[in-house]
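One structure below.
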Amino acid sequence: MRIALREAQKGLGRCSPNPAVGAVIVKSGRLLSKGYHRKAGRPHAEIEALRGVADPAETRGATLFVTLEPCSTFGRTPPCTEAIIRTGIRHVVIGTIDRNPNHTGRGVEQLRAAGISVQTGILETQCRLLNVGFDRWISAQRPWVIVKIAQSIDGRITRPPGEPTWITGVTAHRRVHQLRATVDAILVGAETLRRDNPKLTVRGIRAARQPWRVVVTRKGNLPSDAILFTDQFRERTLIYRDRTWKDILADLGQRGVTRLLVEGGGEVLGELLDSDLIDEVWSFFAPCLIGGDKPSFGGRGVSENAAAKSLHYNRFERFGDDLLVRGLVHEALEVPTSGLRAPG
């Protein structure tokens with residue numbers, strides 16, 4: 001299942017609005033094949049793995065590991081359950097159940113009805129965390145909101161005028177591009193656009209899909225010569241003028257955005273925090289002191305310590321002297337597994 005998870009990770013940001021899924025086929029302790037869902041409309045992970053088996057006869061009696069419950073309905077592609085049943089696979093091991101109400105539990109039922117042994121809940125937390133964006137999109141029709149901050153130790157996000165805009169180093173910056181490659185849209189406020197003139201593209205990641213670039217503004221006073229409006233990806237730029245966050249997130253959800261990355265500035269992050277709309281935080285710290293009046297988060301803030309947001313599933317990464325702290329503000333959405341866990 002860990003191999004299947006690594007495969008699934010390759011699809012994040014490329015197969016939206018579908019979930020990222022990985023699959024592995026094993027027989028007699030031998031790994032026969034592996035695959036992942038590469039793009040919406042293309043074969044699902046299970047089919048990719050099945051097609052990778054050199055001799056189709058070898059799938060008879062084999063075990064399929066898959067990070068998400070196989071689909072059981074016709075969409076852009078036929079049901080994966082039917083293909084699995086036809087191959088003679090004897091066991092299916094599933095990481096987590098599909099949250100889509102059209103699929104939840106149905107794939108397991110169809111496989112068991114065909115005489116296939118099914119086990120669920122293997123590395124369930126890791127498999128569930130992989131697709132928090134899909135789960136949020138399915139349940140609330142809006143994206144999972146990830147905030148990325150690069151800040152000094154004293155929580156400041158801007159350099160003095162005329163200085164380079166980067167606070168953290170090159171290695172940390174590469175990690176940001178890896179994160180960008182997993183999202184469907186990147187959002188900044190008008191002040192960040194005017195001050196930094198960012199590209200908001202994915203660079204240095206092979207075959208990455210370029211996300212939507214989103215600008216939020218109250219007055220619409222934006223520089224017409226900004227990179228977002230003049231480069232080769234200008235058709236991928238969206239502007240929301242004087243819109244509520246509820247409207248913005250709903251519209252992005254309609255566009256199939258399941259994972260939204262917000263990169264500033266401080267006023268935007270403060271508004272999202274005050275509105276309890278931040279789901280995940282990636283905070284890069286550089287070992288320096290800047291001071292001044294540009295904190296990473298503006299807004300009203302909390303009235304007491306008890307109201308502060310605590311992060312869950314925390315991770316820590318180091319890039320030279322820089323440090324990344326990341327975690328979830330909101331717990332990952334629960335997936336119904338009652339009655340599905342036991343092998344059958």
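Order determines the names: the first chain of the structure tokens is A, the second B, and so forth; residues in each chain are numbered 1 upward, and ligands are numbered 1 upward as they are shown.
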
*Counting only C-alpha atoms, what is within 9 Å of segment 9-25 of chain A, bar same-chain residues fewer than 2 positions away, as a count of residues only?*
57

*asked:* What parts of segment 73-145 of chain A does DSSP call strand (DSSP E or B)? I'd like the answer as a count of residues only.
replied: 12

*Skipping near chain neighbours, those fewer than 4 positions away, what residues fall within 12 Å of segment 106-121 of chain A using only C-alpha atoms, listed as an MDAnalysis selection string?*
chainID A and resid 1 60:73 79:102 125:128 335:344

With C-alpha atoms retained, could you export that selection as a short mmCIF file (atom, residue, chain, number, x, y, z; two decimals), in the first residue's frame?
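Just written: result.cif:
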data_model
loop_
_atom_site.label_atom_id
_atom_site.label_comp_id
_atom_site.auth_asym_id
_atom_site.auth_seq_id
_atom_site.Cartn_x
_atom_site.Cartn_y
_atom_site.Cartn_z
CA MET A 1 0.00 0.00 0.00
CA ARG A 60 -5.62 -14.81 -11.85
CA GLY A 61 -5.29 -15.36 -8.12
CA ALA A 62 -3.32 -12.13 -7.62
CA THR A 63 -3.88 -9.35 -5.06
CA LEU A 64 -4.69 -5.76 -5.99
CA PHE A 65 -3.73 -2.98 -3.58
CA VAL A 66 -5.49 0.33 -4.29
CA THR A 67 -5.52 3.54 -2.24
CA LEU A 68 -9.21 4.31 -2.89
CA GLU A 69 -12.26 2.12 -3.34
CA PRO A 70 -12.58 1.14 -7.04
CA CYS A 71 -15.32 3.00 -8.90
CA SER A 72 -18.52 1.08 -9.60
CA THR A 73 -20.38 3.36 -12.04
CA PRO A 79 -16.48 0.85 -13.84
CA CYS A 80 -13.17 -0.44 -12.53
CA THR A 81 -14.97 -3.13 -10.53
CA GLU A 82 -16.06 -4.90 -13.73
CA ALA A 83 -12.51 -4.93 -15.09
CA ILE A 84 -11.15 -6.28 -11.80
CA ILE A 85 -13.73 -9.07 -11.68
CA ARG A 86 -12.94 -10.14 -15.26
CA THR A 87 -9.23 -10.57 -14.54
CA GLY A 88 -9.62 -13.27 -11.91
CA ILE A 89 -7.98 -11.25 -9.15
CA ARG A 90 -8.66 -13.05 -5.85
CA HIS A 91 -7.98 -10.35 -3.24
CA VAL A 92 -8.46 -6.58 -3.21
CA VAL A 93 -6.93 -4.46 -0.45
CA ILE A 94 -8.34 -0.91 -0.20
CA GLY A 95 -6.85 2.05 1.64
CA THR A 96 -10.01 4.10 2.13
CA ILE A 97 -13.63 4.14 1.01
CA ASP A 98 -14.70 6.64 -1.67
CA ARG A 99 -16.51 9.64 -0.14
CA ASN A 100 -18.50 10.24 -3.34
CA PRO A 101 -22.06 9.22 -2.35
CA ASN A 102 -22.53 7.67 -5.79
CA THR A 125 -5.26 7.86 7.37
CA GLN A 126 -2.51 8.34 4.79
CA CYS A 127 -4.86 7.41 1.95
CA ARG A 128 -7.55 9.75 3.25
CA VAL A 335 -15.01 8.59 5.55
CA PRO A 336 -17.76 6.08 6.39
CA THR A 337 -16.11 2.69 6.94
CA SER A 338 -18.58 1.08 9.32
CA GLY A 339 -19.27 -2.48 8.24
CA LEU A 340 -16.66 -2.36 5.47
CA ARG A 341 -13.40 -3.00 7.30
CA ALA A 342 -13.51 -6.75 7.86
CA PRO A 343 -12.22 -8.97 5.05
CA GLY A 344 -14.87 -10.99 3.28
#
